[in-house]
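Peer 1: Take a look at run35.txt, compact mmCIF, C-alpha atoms:
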```txt
# COMPACT_ATOMS: atom_id res chain seq x y z
CA MET A 296 -32.58 -1.88 -10.44
CA GLN A 297 -31.71 1.52 -8.99
CA ASP A 298 -32.27 0.33 -5.42
CA LEU A 299 -29.99 -2.70 -5.74
CA SER A 300 -26.64 -2.64 -3.96
CA MET A 301 -25.14 -4.39 -7.00
CA GLY A 302 -24.19 -3.24 -10.47
CA VAL A 303 -26.61 -4.39 -13.18
CA MET A 304 -26.34 -4.28 -16.99
CA LEU A 305 -29.02 -5.53 -19.42
CA LEU A 306 -28.19 -6.42 -23.04
CA ASP A 307 -30.32 -7.31 -26.04
CA THR A 308 -29.57 -9.99 -28.65
CA GLY A 309 -27.64 -7.47 -30.75
CA PHE A 310 -25.11 -7.07 -27.89
CA THR A 311 -26.39 -3.54 -27.24
CA LEU A 312 -26.69 -2.01 -23.76
CA VAL A 313 -30.42 -1.68 -22.96
CA ASP A 314 -30.15 -0.52 -19.35
CA ILE A 315 -27.59 0.05 -16.59
CA ASN A 316 -28.11 1.08 -12.99
CA GLU A 317 -26.47 3.87 -11.00
CA MET A 318 -24.08 1.69 -9.04
CA ALA A 319 -22.70 0.08 -12.20
CA CYS A 320 -22.08 3.54 -13.70
CA ARG A 321 -20.28 4.71 -10.55
CA VAL A 322 -18.01 1.65 -10.26
CA LEU A 323 -17.24 1.36 -13.98
CA GLY A 324 -16.74 5.12 -14.40
CA PHE A 325 -19.43 5.65 -17.06
CA LYS A 326 -22.12 8.29 -17.55
CA ARG A 327 -25.44 6.60 -18.29
CA GLU A 328 -26.44 9.03 -21.05
CA ASP A 329 -23.11 8.42 -22.86
CA ILE A 330 -23.46 4.65 -23.17
CA ILE A 331 -27.17 3.73 -23.13
CA ARG A 332 -28.40 2.07 -26.37
CA LYS A 333 -24.81 1.72 -27.62
CA PRO A 334 -23.12 -1.52 -28.77
CA MET A 335 -20.98 -3.07 -26.02
CA GLU A 336 -17.95 -2.83 -28.31
CA ASP A 337 -18.35 0.97 -28.15
CA VAL A 338 -19.04 1.00 -24.40
CA PHE A 339 -15.74 -0.80 -23.69
CA ALA A 340 -13.84 0.62 -26.68
CA ALA A 341 -11.03 1.95 -24.46
CA VAL A 342 -10.49 -1.47 -22.83
CA PRO A 343 -8.49 -4.29 -24.50
CA LEU A 344 -10.76 -7.16 -25.62
CA GLU A 345 -9.46 -9.68 -23.08
CA TYR A 346 -10.07 -7.28 -20.16
CA ARG A 347 -13.64 -6.29 -21.04
CA LEU A 348 -16.24 -6.99 -18.40
CA VAL A 349 -18.48 -8.92 -20.78
CA GLN A 350 -17.88 -10.85 -24.04
CA ARG A 351 -20.25 -11.70 -26.89
CA THR A 352 -20.20 -15.33 -25.75
CA ILE A 353 -22.68 -14.28 -23.05
CA LEU A 354 -25.43 -14.48 -25.72
CA ASP A 355 -24.39 -18.07 -26.52
CA GLY A 356 -25.34 -19.08 -22.99
CA VAL A 357 -21.88 -18.88 -21.36
CA VAL A 358 -22.71 -18.58 -17.64
CA LEU A 359 -20.41 -17.01 -15.05
CA ARG A 360 -20.92 -17.48 -11.31
CA ASN A 361 -18.89 -15.54 -8.70
CA HIS A 362 -16.23 -14.77 -11.30
CA ALA A 363 -13.55 -12.58 -9.64
CA ILE A 364 -12.26 -9.64 -11.66
CA SER A 365 -10.32 -6.43 -10.96
CA TRP A 366 -11.49 -3.21 -12.58
CA MET A 367 -9.75 0.18 -12.82
CA ASN A 368 -12.16 2.97 -13.77
CA ASN A 369 -11.29 6.27 -15.44
CA GLN A 370 -10.84 7.94 -12.02
CA GLU A 371 -8.02 5.44 -11.43
CA GLU A 372 -10.01 3.80 -8.63
CA ARG A 373 -9.56 0.05 -8.38
CA TYR A 374 -12.40 -2.31 -7.56
CA ASP A 375 -12.50 -6.05 -6.89
CA LEU A 376 -15.75 -7.42 -8.35
CA LEU A 377 -17.65 -10.72 -8.22
CA LEU A 378 -19.43 -11.21 -11.53
CA ASP A 379 -22.55 -13.22 -12.52
CA THR A 380 -23.86 -13.44 -16.11
CA ASN A 381 -26.64 -15.39 -17.82
CA VAL A 382 -29.08 -15.15 -20.73
CA LEU A 383 -32.69 -13.92 -20.48
CA ARG A 384 -35.36 -16.10 -22.13
CA ASP A 385 -38.99 -15.48 -23.05
CA GLU A 386 -41.91 -17.78 -22.21
CA GLU A 387 -41.07 -20.04 -25.16
CA GLY A 388 -37.44 -20.42 -24.11
CA ARG A 389 -35.94 -18.17 -26.80
CA ILE A 390 -32.96 -15.98 -25.86
CA VAL A 391 -34.09 -12.34 -25.81
CA GLY A 392 -31.05 -10.82 -24.13
CA ALA A 393 -28.62 -11.25 -21.25
CA TYR A 394 -27.80 -9.73 -17.91
CA LEU A 395 -24.62 -9.01 -16.00
CA ILE A 396 -24.66 -8.48 -12.23
CA PHE A 397 -21.62 -7.67 -10.11
CA LYS A 398 -20.93 -6.99 -6.45
CA ASP A 399 -18.12 -4.76 -5.16
CA VAL A 400 -16.05 -6.87 -2.74
CA SER A 401 -13.02 -4.54 -2.54
CA ASN A 402 -13.34 -4.10 1.24
CA LEU A 403 -13.68 -7.85 1.81
CA ARG A 404 -10.68 -8.55 -0.41
CA SER A 405 -8.67 -5.91 1.42
CA LEU A 406 -9.66 -7.44 4.78
CA GLU A 407 -8.73 -10.93 3.57
CA GLU A 408 -5.31 -9.71 2.41
CA GLN A 409 -4.80 -7.93 5.73
CA VAL A 410 -5.58 -11.13 7.67
CA GLN A 411 -3.18 -13.14 5.46
CA ARG A 412 -0.49 -10.49 5.94
CA SER A 413 -1.01 -10.56 9.72
CA ASP A 414 -0.70 -14.36 9.69
CA ARG A 415 2.58 -14.11 7.77
CA LEU A 416 3.88 -11.48 10.20
CA ALA A 417 2.91 -13.69 13.15
CA MET A 418 4.76 -16.66 11.64
CA ILE A 419 7.85 -14.54 10.95
CA GLY A 420 7.60 -13.20 14.50
CA GLN A 421 7.68 -16.71 15.95
CA ILE A 422 10.77 -17.58 13.89
CA ALA A 423 12.42 -14.28 14.79
CA ALA A 424 11.79 -14.69 18.52
CA GLY A 425 13.63 -18.02 18.52
CA THR A 426 16.58 -17.09 16.32
CA ALA A 427 17.30 -13.34 16.50
CA HIS A 428 19.18 -13.45 19.81
CA GLU A 429 21.07 -16.58 18.76
CA ILE A 430 22.24 -14.73 15.63
CA ARG A 431 23.21 -11.59 17.54
CA ASN A 432 25.48 -13.30 20.08
CA PRO A 433 28.02 -14.76 17.60
CA LEU A 434 27.79 -11.58 15.50
CA THR A 435 28.94 -9.53 18.49
CA SER A 436 31.99 -11.78 18.94
CA ILE A 437 32.83 -11.71 15.21
CA LYS A 438 32.50 -7.92 15.11
CA GLY A 439 34.75 -7.50 18.16
CA PHE A 440 37.55 -9.66 16.73
CA LEU A 441 37.26 -7.96 13.32
CA GLN A 442 37.72 -4.54 14.94
CA VAL A 443 40.88 -5.83 16.65
CA LEU A 444 42.17 -7.14 13.29
CA LYS A 445 41.28 -3.84 11.62
CA ASN A 446 43.34 -1.87 14.14
CA THR A 447 46.26 -4.31 13.77
CA PHE A 448 46.20 -4.03 9.96
CA HIS A 449 46.12 -0.24 10.26
CA GLU A 450 49.15 -0.20 12.59
CA LYS A 451 51.10 -2.52 10.26
CA GLU A 452 50.01 -0.49 7.18
CA MET A 453 48.37 -3.53 5.58
CA ASP A 454 45.95 -1.41 3.55
CA LYS A 455 44.36 -4.19 1.48
CA GLU A 456 43.55 -6.33 4.55
CA HIS A 457 42.36 -3.19 6.37
CA SER A 458 39.86 -2.45 3.56
CA TYR A 459 38.61 -6.07 3.69
CA THR A 460 37.81 -5.79 7.39
CA GLU A 461 35.94 -2.52 6.77
CA ILE A 462 33.73 -4.27 4.19
CA MET A 463 33.06 -7.17 6.59
CA LEU A 464 32.17 -4.80 9.43
CA THR A 465 29.75 -2.92 7.15
CA GLU A 466 28.03 -6.18 6.21
CA ILE A 467 27.79 -7.22 9.86
CA ASP A 468 26.09 -3.88 10.62
CA ARG A 469 23.56 -4.66 7.87
CA ILE A 470 22.85 -8.06 9.42
CA ASN A 471 22.38 -6.37 12.80
CA GLU A 472 19.87 -3.95 11.29
CA LEU A 473 17.92 -6.86 9.79
CA VAL A 474 17.90 -8.68 13.14
CA SER A 475 16.66 -5.50 14.87
CA GLU A 476 13.74 -5.27 12.44
CA PHE A 477 13.08 -8.97 13.00
CA LEU A 478 12.76 -8.30 16.71
CA LEU A 479 10.25 -5.52 16.03
CA LEU A 480 8.04 -8.11 14.30
CA SER A 481 8.62 -10.88 16.83
CA LYS A 482 6.52 -9.36 19.59
CA ARG A 483 4.58 -6.24 20.38
CA LYS A 484 6.86 -3.58 21.80
CA ILE A 485 6.02 -2.03 25.13
CA VAL A 486 4.10 0.96 23.84
CA THR A 487 3.26 4.06 25.82
CA PHE A 488 -0.11 5.33 24.67
CA ASP A 489 -0.67 8.98 25.44
CA GLU A 490 -2.39 12.02 23.98
CA VAL A 491 -0.19 13.19 21.12
CA HIS A 492 -0.24 16.23 18.84
CA ILE A 493 0.55 14.91 15.34
CA SER A 494 1.77 18.41 14.37
CA HIS A 495 4.33 18.43 17.20
CA VAL A 496 5.63 15.00 16.18
CA LEU A 497 6.06 16.08 12.54
CA LYS A 498 7.79 19.36 13.50
CA GLU A 499 10.25 17.47 15.71
CA ILE A 500 11.36 15.16 12.88
CA LEU A 501 11.19 17.77 10.11
CA PRO A 502 14.91 18.77 10.41
CA ILE A 503 15.92 15.09 10.00
CA ILE A 504 13.68 14.75 6.91
CA GLU A 505 15.02 18.00 5.41
CA ASN A 506 18.66 16.92 5.92
CA GLU A 507 17.94 13.60 4.18
CA ALA A 508 16.16 15.47 1.36
CA ILE A 509 19.15 17.77 0.71
CA LEU A 510 21.34 14.70 0.03
CA HIS A 511 18.90 13.61 -2.71
CA ASN A 512 18.25 17.06 -4.23
CA VAL A 513 14.67 17.00 -2.90
CA THR A 514 12.69 19.92 -1.48
CA VAL A 515 10.29 19.40 1.43
CA HIS A 516 6.99 21.25 1.85
CA TYR A 517 5.14 20.86 5.14
CA ASP A 518 1.54 22.08 5.09
CA ASP A 519 0.31 22.69 8.63
CA SER A 520 -2.58 24.95 7.63
CA VAL A 521 -5.13 22.90 9.61
CA HIS A 522 -5.62 24.69 12.92
CA ALA A 523 -6.61 22.99 16.18
CA MET A 524 -5.71 19.46 15.07
CA PRO A 525 -7.32 16.92 17.43
CA LYS A 526 -4.98 14.93 19.66
CA VAL A 527 -4.63 11.20 18.95
CA ILE A 528 -3.96 8.36 21.37
CA ALA A 529 -0.63 6.94 20.22
CA ASP A 530 3.00 6.19 21.06
CA ARG A 531 5.08 9.26 20.21
CA LYS A 532 8.36 7.44 19.45
CA LEU A 533 6.71 4.83 17.24
CA LEU A 534 4.83 7.53 15.31
CA LYS A 535 8.16 9.22 14.58
CA GLN A 536 9.51 5.90 13.29
CA VAL A 537 6.52 5.50 10.94
CA PHE A 538 6.72 9.04 9.49
CA LEU A 539 10.52 8.93 9.13
CA ASN A 540 10.39 5.59 7.32
CA ILE A 541 7.69 6.66 4.86
CA CYS A 542 9.35 10.04 4.20
CA LYS A 543 12.73 8.36 3.66
CA ASN A 544 11.15 5.93 1.16
CA GLY A 545 9.55 8.86 -0.70
CA ILE A 546 12.82 10.80 -0.84
CA GLU A 547 14.80 7.79 -2.09
CA ALA A 548 12.14 7.12 -4.78
CA MET A 549 12.90 10.53 -6.37
CA VAL A 550 16.24 9.54 -7.91
CA SER A 551 16.43 12.71 -10.04
CA GLY A 552 15.25 15.07 -7.31
CA GLY A 553 11.73 16.29 -6.70
CA LYS A 554 9.36 17.49 -4.01
CA LEU A 555 8.10 15.77 -0.87
CA THR A 556 4.83 17.21 0.47
CA ILE A 557 3.57 16.47 3.98
CA CYS A 558 0.08 17.68 4.85
CA GLU A 559 -2.37 17.17 7.69
CA LYS A 560 -6.11 16.62 7.32
CA VAL A 561 -9.00 15.86 9.67
CA ASP A 562 -11.95 13.62 8.82
CA TYR A 563 -14.55 14.49 11.46
CA GLU A 564 -17.05 12.01 9.99
CA GLU A 565 -14.73 9.02 10.49
CA ARG A 566 -13.03 10.78 13.45
CA LYS A 567 -9.56 10.25 12.05
CA VAL A 568 -6.47 12.41 11.59
CA HIS A 569 -4.78 11.89 8.21
CA VAL A 570 -1.13 12.63 7.46
CA GLU A 571 -0.52 12.47 3.71
CA ILE A 572 3.04 12.12 2.42
CA HIS A 573 3.31 12.67 -1.33
CA ASP A 574 6.39 12.31 -3.53
CA THR A 575 6.88 13.23 -7.19
CA GLY A 576 8.76 10.04 -8.04
CA PRO A 577 7.94 7.53 -10.80
CA GLY A 578 5.06 5.97 -8.85
CA ILE A 579 4.40 2.35 -7.89
CA PRO A 580 3.23 -0.04 -10.66
CA ASN A 581 -0.22 -1.63 -10.17
CA PHE A 582 1.24 -5.14 -10.05
CA VAL A 583 3.50 -4.13 -7.14
CA ILE A 584 1.26 -1.87 -5.05
CA ASP A 585 -0.59 -4.79 -3.38
CA LYS A 586 2.70 -6.31 -2.21
CA ILE A 587 4.52 -3.36 -0.67
CA PHE A 588 3.40 -4.21 2.88
CA ASP A 589 4.39 -7.88 2.54
CA PRO A 590 7.41 -8.90 4.64
CA PHE A 591 10.66 -9.11 2.63
CA PHE A 592 9.14 -7.55 -0.49
CA THR A 593 11.35 -4.69 -1.63
CA THR A 594 12.27 -2.87 -4.83
CA LYS A 595 15.42 -1.39 -3.27
CA GLU A 596 18.77 -2.95 -4.06
CA ASN A 597 19.83 -3.01 -0.39
CA GLY A 598 16.39 -3.00 1.25
CA THR A 599 15.26 -5.59 3.79
CA GLY A 600 11.56 -5.40 2.85
CA LEU A 601 10.57 -5.07 6.50
CA GLY A 602 10.25 -1.27 6.87
CA LEU A 603 6.66 -0.87 5.67
CA SER A 604 5.57 -4.12 7.36
CA VAL A 605 6.79 -2.71 10.68
CA CYS A 606 5.10 0.65 9.99
CA GLN A 607 1.79 -1.05 9.23
CA ARG A 608 2.05 -3.15 12.40
CA ILE A 609 2.68 -0.02 14.50
CA VAL A 610 -0.24 1.93 13.00
CA HIS A 611 -2.63 -1.05 13.29
CA ASP A 612 -1.74 -1.37 16.98
CA MET A 613 -2.89 2.24 17.38
CA GLY A 614 -6.21 1.43 15.72
CA GLY A 615 -5.33 3.16 12.45
CA ASN A 616 -4.38 2.16 8.93
CA ILE A 617 -2.05 3.15 6.10
CA ARG A 618 -3.42 3.74 2.59
CA VAL A 619 -1.34 4.11 -0.55
CA SER A 620 -2.27 5.44 -3.99
CA SER A 621 -0.12 5.85 -7.08
CA LYS A 622 -1.28 7.00 -10.50
CA GLY A 623 1.81 6.50 -12.61
CA PHE A 624 3.44 9.74 -11.45
CA GLY A 625 4.05 10.22 -7.76
CA THR A 626 2.90 8.22 -4.75
CA THR A 627 0.83 9.23 -1.72
CA PHE A 628 0.93 7.43 1.62
CA ALA A 629 -1.87 8.36 4.02
CA VAL A 630 -1.41 7.47 7.68
CA CYS A 631 -4.86 7.50 9.31
CA ILE A 632 -5.14 7.45 13.11
CA PRO A 633 -8.41 7.74 15.07
CA PHE A 634 -8.95 10.48 17.65
CA PRO A 635 -11.30 10.18 20.65
```
In structure tokens, how does this file's structure come out?
Peer 2:
Amino acid sequence: MQDLSMGVMLLDTGFTLVDINEMACRVLGFKREDIIRKPMEDVFAAVPLEYRLVQRTILDGVVLRNHAISWMNNQEERYDLLLDTNVLRDEEGRIVGAYLIFKDVSNLRSLEEQVQRSDRLAMIGQIAAGTAHEIRNPLTSIKGFLQVLKNTFHEKEMDKEHSYTEIMLTEIDRINELVSEFLLLSKRKIVTFDEVHISHVLKEILPIIENEAILHNVTVHYDDSVHAMPKVIADRKLLKQVFLNICKNGIEAMVSGGKLTICEKVDYEERKVHVEIHDTGPGIPNFVIDKIFDPFFTTKENGTGLGLSVCQRIVHDMGGNIRVSSKGFGTTFAVCIPFP
């Protein structure tokens, strides 16, 4: 049992835990000595009945095969599991207990979601490529004539009509921004890969981040205590876009003020540079966190839902990835980029 790459739990006919292996303890967040020989009701006492990993019906011969379930352990780590259960019988066919076996498929699930997201982005890109320019051309004409009308209304002191044109021009600018983000998804930009110091990139955009933070009563702390950060192979301008977007999201999430922390880390084992951006906002609910990179998904009133999709596309093109974690208070985005 200890050598298996799957979680295993053995139960007797009294629905008591007889044995559990190390992997099951690690994934479920239990200590073996705390739960062994205890009724399963006590083992899962902190979990609502409908969300428990195993029910008493297992002893009635209810069989599960490749049953998908999500599990959040007490370290707030989420796992996607595939579950198998069945009864154990003696030589005479009598039920003497039951077993539960599960496999951690979190990485496979994450990969599957990433492929689906890439497919959606590709489809949106194809639509955008064919329509974005066609939208922009008439918008330019409309905007030009509206500006002429605005000036005319101003000269004739037609204040009400003047205010209407200002509103229309603002909305046209919003449409233009959406079209611009569409074009970012429609095709890979011409990127200039070069050796880049992450620290230099962050220091260049820090004044912009701090100015934005002041408007939202947010303080910014930049931790650059890691010396001799390895250079990464990346596009400098696109990196700035990624960090600015994530920092702006963090600042806007702290509606009552707070603190934005930016820190650099190096993982020499995986050969990646990590930039972690942490805010002290309300956090991202579990039912939302899987969707934040989906195109057009947004929790902002005036958001397009394309910002994080574009960021993820940029980082993936550099061979990296973006991870997000939120534990009910505050959110951390980690941008991970490999170094040679």
Peer 1: Please compute the atom CA of A:Thr460-atom CA of A:Gln442 distance, one decimal, in Å.
Peer 2: 7.7 Å
Peer 1: Can you pull out every residue within 8 Å of A:Cys606, counting all atoms listed in the file, but drop anything in the same chain fewer than 4 positions away, and send it as a list of chain:residue names?
Peer 2: A:Gln536, A:Val537, A:Asn540, A:Gly602, A:Val610
Peer 1: Quick one: distance from atom CA of A:Gly302 to atom CA of A:Glu345 in Å, one decimal?
Peer 2: 20.4 Å
Peer 1: Would you kindly return, as a ChimeraX atom specification, each protein, DNA or RNA residue with an atom no farther than 6 Å from any atom of stretch 515-527 of chain A, considering all atoms listed in the file and excluding same-chain residues fewer than 3 positions away?
Peer 2: /A:490-492,554-558,634
Peer 1: Can you measure atom CA of A:Pro635 to atom CA of A:Lys498 for me? One decimal in Å is fine.
Peer 2: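 That distance, rounded to one decimal, is 22.4 Å.
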Peer 1: Find, counting all atoms listed in the file, the residue in A:Lys622, A:Asp355, A:Asp612, A:Glu565 that gets nearest to A:Gly578.
Peer 2: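 Checking each of A:Lys622, A:Asp355, A:Asp612, A:Glu565 against A:Gly578, counting all atoms listed in the file, the winner is A:Lys622.
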Peer 1: Identify which of the residues A:Leu383, A:Val561, A:Met549, A:Met318 lies closest to A:Asp298, counting all atoms listed in the file when measuring atom-to-atom distances.
Peer 2: A:Met318
Peer 1: When distances are computed from only C-alpha atoms, which of A:Thr487, A:Thr380, A:Gln350, A:Ser300 shows the smallest separation from A:Asp530?
Peer 2: A:Thr487
Peer 1: My list of candidates is A:Leu510, A:Pro433, A:Glu559, A:Asn368. Which is closest to A:His495 when distances are computed with only C-alpha atoms?
Peer 2: A:Glu559
Peer 1: Ranking A:Glu472, A:Thr352, A:Val338, A:Val568 by minimum distance to A:Ser494 and counting all atoms listed in the file, which one comes first?
Peer 2: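 Once distances to A:Ser494 are computed over all atoms listed in the file, the minimum belongs to A:Val568.
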Peer 1: Taking (3.3, 14.6, -7.2) as a centre in this file's frame and 7 Å as the limit, can you find every polymer residue with an atom that close, using all atoms listed in the file, and give them as a ChimeraX atom specification?
Peer 2: /A:573-575,624-626
Peer 1: Pick from A:Glu564, A:His611, A:Leu473, A:Phe588: nearest to A:Leu534, with all atoms listed in the file counted?
Peer 2: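 Between A:Glu564, A:His611, A:Leu473, A:Phe588, the residue approaching A:Leu534 most closely is A:His611.
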Peer 1: Name the residues in contact with A:Leu305 at a cut-off of 8 Å, using all atoms listed in the file, excluding same-chain residues fewer than 3 positions from it; report them as a PyMOL selection string.
Peer 2: chain A and resi 312-315+392-395
Peer 1: Please fill the gaps in stretch 443-453 of chain A so it has all heavy atoms, and write that as an mmCIF file, in the coordinates of the input.
Peer 2:
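Output file selection_21.cif is given in full below:
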```
data_model
loop_
_atom_site.group_PDB
_atom_site.id
_atom_site.type_symbol
_atom_site.label_atom_id
_atom_site.label_comp_id
_atom_site.auth_asym_id
_atom_site.auth_seq_id
_atom_site.Cartn_x
_atom_site.Cartn_y
_atom_site.Cartn_z
ATOM 1 N N VAL A 443 39.496 -5.645 16.196
ATOM 2 C CA VAL A 443 40.880 -5.830 16.650
ATOM 3 C C VAL A 443 41.803 -6.022 15.454
ATOM 4 O O VAL A 443 42.886 -5.408 15.349
ATOM 5 C CB VAL A 443 40.988 -7.035 17.620
ATOM 6 C CG1 VAL A 443 42.448 -7.342 17.937
ATOM 7 C CG2 VAL A 443 40.215 -6.743 18.902
ATOM 8 N N LEU A 444 41.374 -6.903 14.504
ATOM 9 C CA LEU A 444 42.170 -7.140 13.290
ATOM 10 C C LEU A 444 42.331 -5.863 12.469
ATOM 11 O O LEU A 444 43.415 -5.573 11.941
ATOM 12 C CB LEU A 444 41.504 -8.220 12.441
ATOM 13 C CG LEU A 444 41.627 -9.663 12.931
ATOM 14 C CD1 LEU A 444 40.756 -10.585 12.096
ATOM 15 C CD2 LEU A 444 43.084 -10.121 12.868
ATOM 16 N N LYS A 445 41.244 -5.084 12.390
ATOM 17 C CA LYS A 445 41.280 -3.840 11.620
ATOM 18 C C LYS A 445 42.333 -2.886 12.177
ATOM 19 O O LYS A 445 43.119 -2.289 11.422
ATOM 20 C CB LYS A 445 39.890 -3.191 11.656
ATOM 21 C CG LYS A 445 39.785 -1.861 10.920
ATOM 22 C CD LYS A 445 38.408 -1.259 11.123
ATOM 23 C CE LYS A 445 38.372 0.163 10.587
ATOM 24 N NZ LYS A 445 37.075 0.826 10.860
ATOM 25 N N ASN A 446 42.353 -2.751 13.508
ATOM 26 C CA ASN A 446 43.340 -1.870 14.140
ATOM 27 C C ASN A 446 44.763 -2.383 13.921
ATOM 28 O O ASN A 446 45.701 -1.598 13.668
ATOM 29 C CB ASN A 446 43.059 -1.756 15.649
ATOM 30 C CG ASN A 446 41.751 -1.026 15.922
ATOM 31 O OD1 ASN A 446 41.308 -0.223 15.107
ATOM 32 N ND2 ASN A 446 41.129 -1.301 17.061
ATOM 33 N N THR A 447 44.926 -3.710 13.988
ATOM 34 C CA THR A 447 46.260 -4.310 13.770
ATOM 35 C C THR A 447 46.735 -4.058 12.350
ATOM 36 O O THR A 447 47.895 -3.678 12.112
ATOM 37 C CB THR A 447 46.206 -5.829 14.053
ATOM 38 O OG1 THR A 447 45.714 -6.046 15.370
ATOM 39 C CG2 THR A 447 47.591 -6.455 13.918
ATOM 40 N N PHE A 448 45.843 -4.261 11.361
ATOM 41 C CA PHE A 448 46.200 -4.030 9.960
ATOM 42 C C PHE A 448 46.565 -2.565 9.727
ATOM 43 O O PHE A 448 47.466 -2.254 8.941
ATOM 44 C CB PHE A 448 45.037 -4.431 9.038
ATOM 45 C CG PHE A 448 44.772 -5.911 8.995
ATOM 46 C CD1 PHE A 448 43.475 -6.397 8.847
ATOM 47 C CD2 PHE A 448 45.817 -6.837 9.097
ATOM 48 C CE1 PHE A 448 43.221 -7.757 8.804
ATOM 49 C CE2 PHE A 448 45.573 -8.189 9.057
ATOM 50 C CZ PHE A 448 44.275 -8.664 8.918
ATOM 51 N N HIS A 449 45.843 -1.672 10.417
ATOM 52 C CA HIS A 449 46.120 -0.240 10.260
ATOM 53 C C HIS A 449 47.507 0.104 10.803
ATOM 54 O O HIS A 449 48.266 0.860 10.178
ATOM 55 C CB HIS A 449 45.051 0.568 10.997
ATOM 56 C CG HIS A 449 45.247 2.055 10.913
ATOM 57 N ND1 HIS A 449 45.127 2.744 9.731
ATOM 58 C CD2 HIS A 449 45.592 2.970 11.871
ATOM 59 C CE1 HIS A 449 45.366 4.026 9.946
ATOM 60 N NE2 HIS A 449 45.659 4.187 11.239
ATOM 61 N N GLU A 450 47.839 -0.476 11.979
ATOM 62 C CA GLU A 450 49.150 -0.200 12.590
ATOM 63 C C GLU A 450 50.282 -0.747 11.731
ATOM 64 O O GLU A 450 51.359 -0.155 11.638
ATOM 65 C CB GLU A 450 49.202 -0.833 13.980
ATOM 66 C CG GLU A 450 48.312 -0.111 15.003
ATOM 67 C CD GLU A 450 48.142 -0.906 16.289
ATOM 68 O OE1 GLU A 450 48.786 -1.983 16.410
ATOM 69 O OE2 GLU A 450 47.361 -0.458 17.152
ATOM 70 N N LYS A 451 50.051 -1.893 11.082
ATOM 71 C CA LYS A 451 51.100 -2.520 10.260
ATOM 72 C C LYS A 451 51.050 -2.071 8.803
ATOM 73 O O LYS A 451 51.738 -2.630 7.955
ATOM 74 C CB LYS A 451 50.989 -4.041 10.348
ATOM 75 C CG LYS A 451 51.263 -4.573 11.753
ATOM 76 C CD LYS A 451 51.297 -6.090 11.764
ATOM 77 C CE LYS A 451 51.669 -6.601 13.161
ATOM 78 N NZ LYS A 451 51.778 -8.071 13.201
ATOM 79 N N GLU A 452 50.164 -1.070 8.536
ATOM 80 C CA GLU A 452 50.010 -0.490 7.180
ATOM 81 C C GLU A 452 49.673 -1.557 6.139
ATOM 82 O O GLU A 452 50.130 -1.496 4.990
ATOM 83 C CB GLU A 452 51.262 0.280 6.786
ATOM 84 C CG GLU A 452 51.537 1.470 7.703
ATOM 85 C CD GLU A 452 52.743 2.277 7.264
ATOM 86 O OE1 GLU A 452 53.468 1.815 6.346
ATOM 87 O OE2 GLU A 452 52.960 3.360 7.825
ATOM 88 N N MET A 453 48.856 -2.501 6.523
ATOM 89 C CA MET A 453 48.370 -3.530 5.580
ATOM 90 C C MET A 453 47.038 -3.039 5.019
ATOM 91 O O MET A 453 45.952 -3.428 5.472
ATOM 92 C CB MET A 453 48.229 -4.877 6.288
ATOM 93 C CG MET A 453 49.547 -5.390 6.852
ATOM 94 S SD MET A 453 49.358 -6.829 7.944
ATOM 95 C CE MET A 453 48.884 -8.103 6.781
#
```
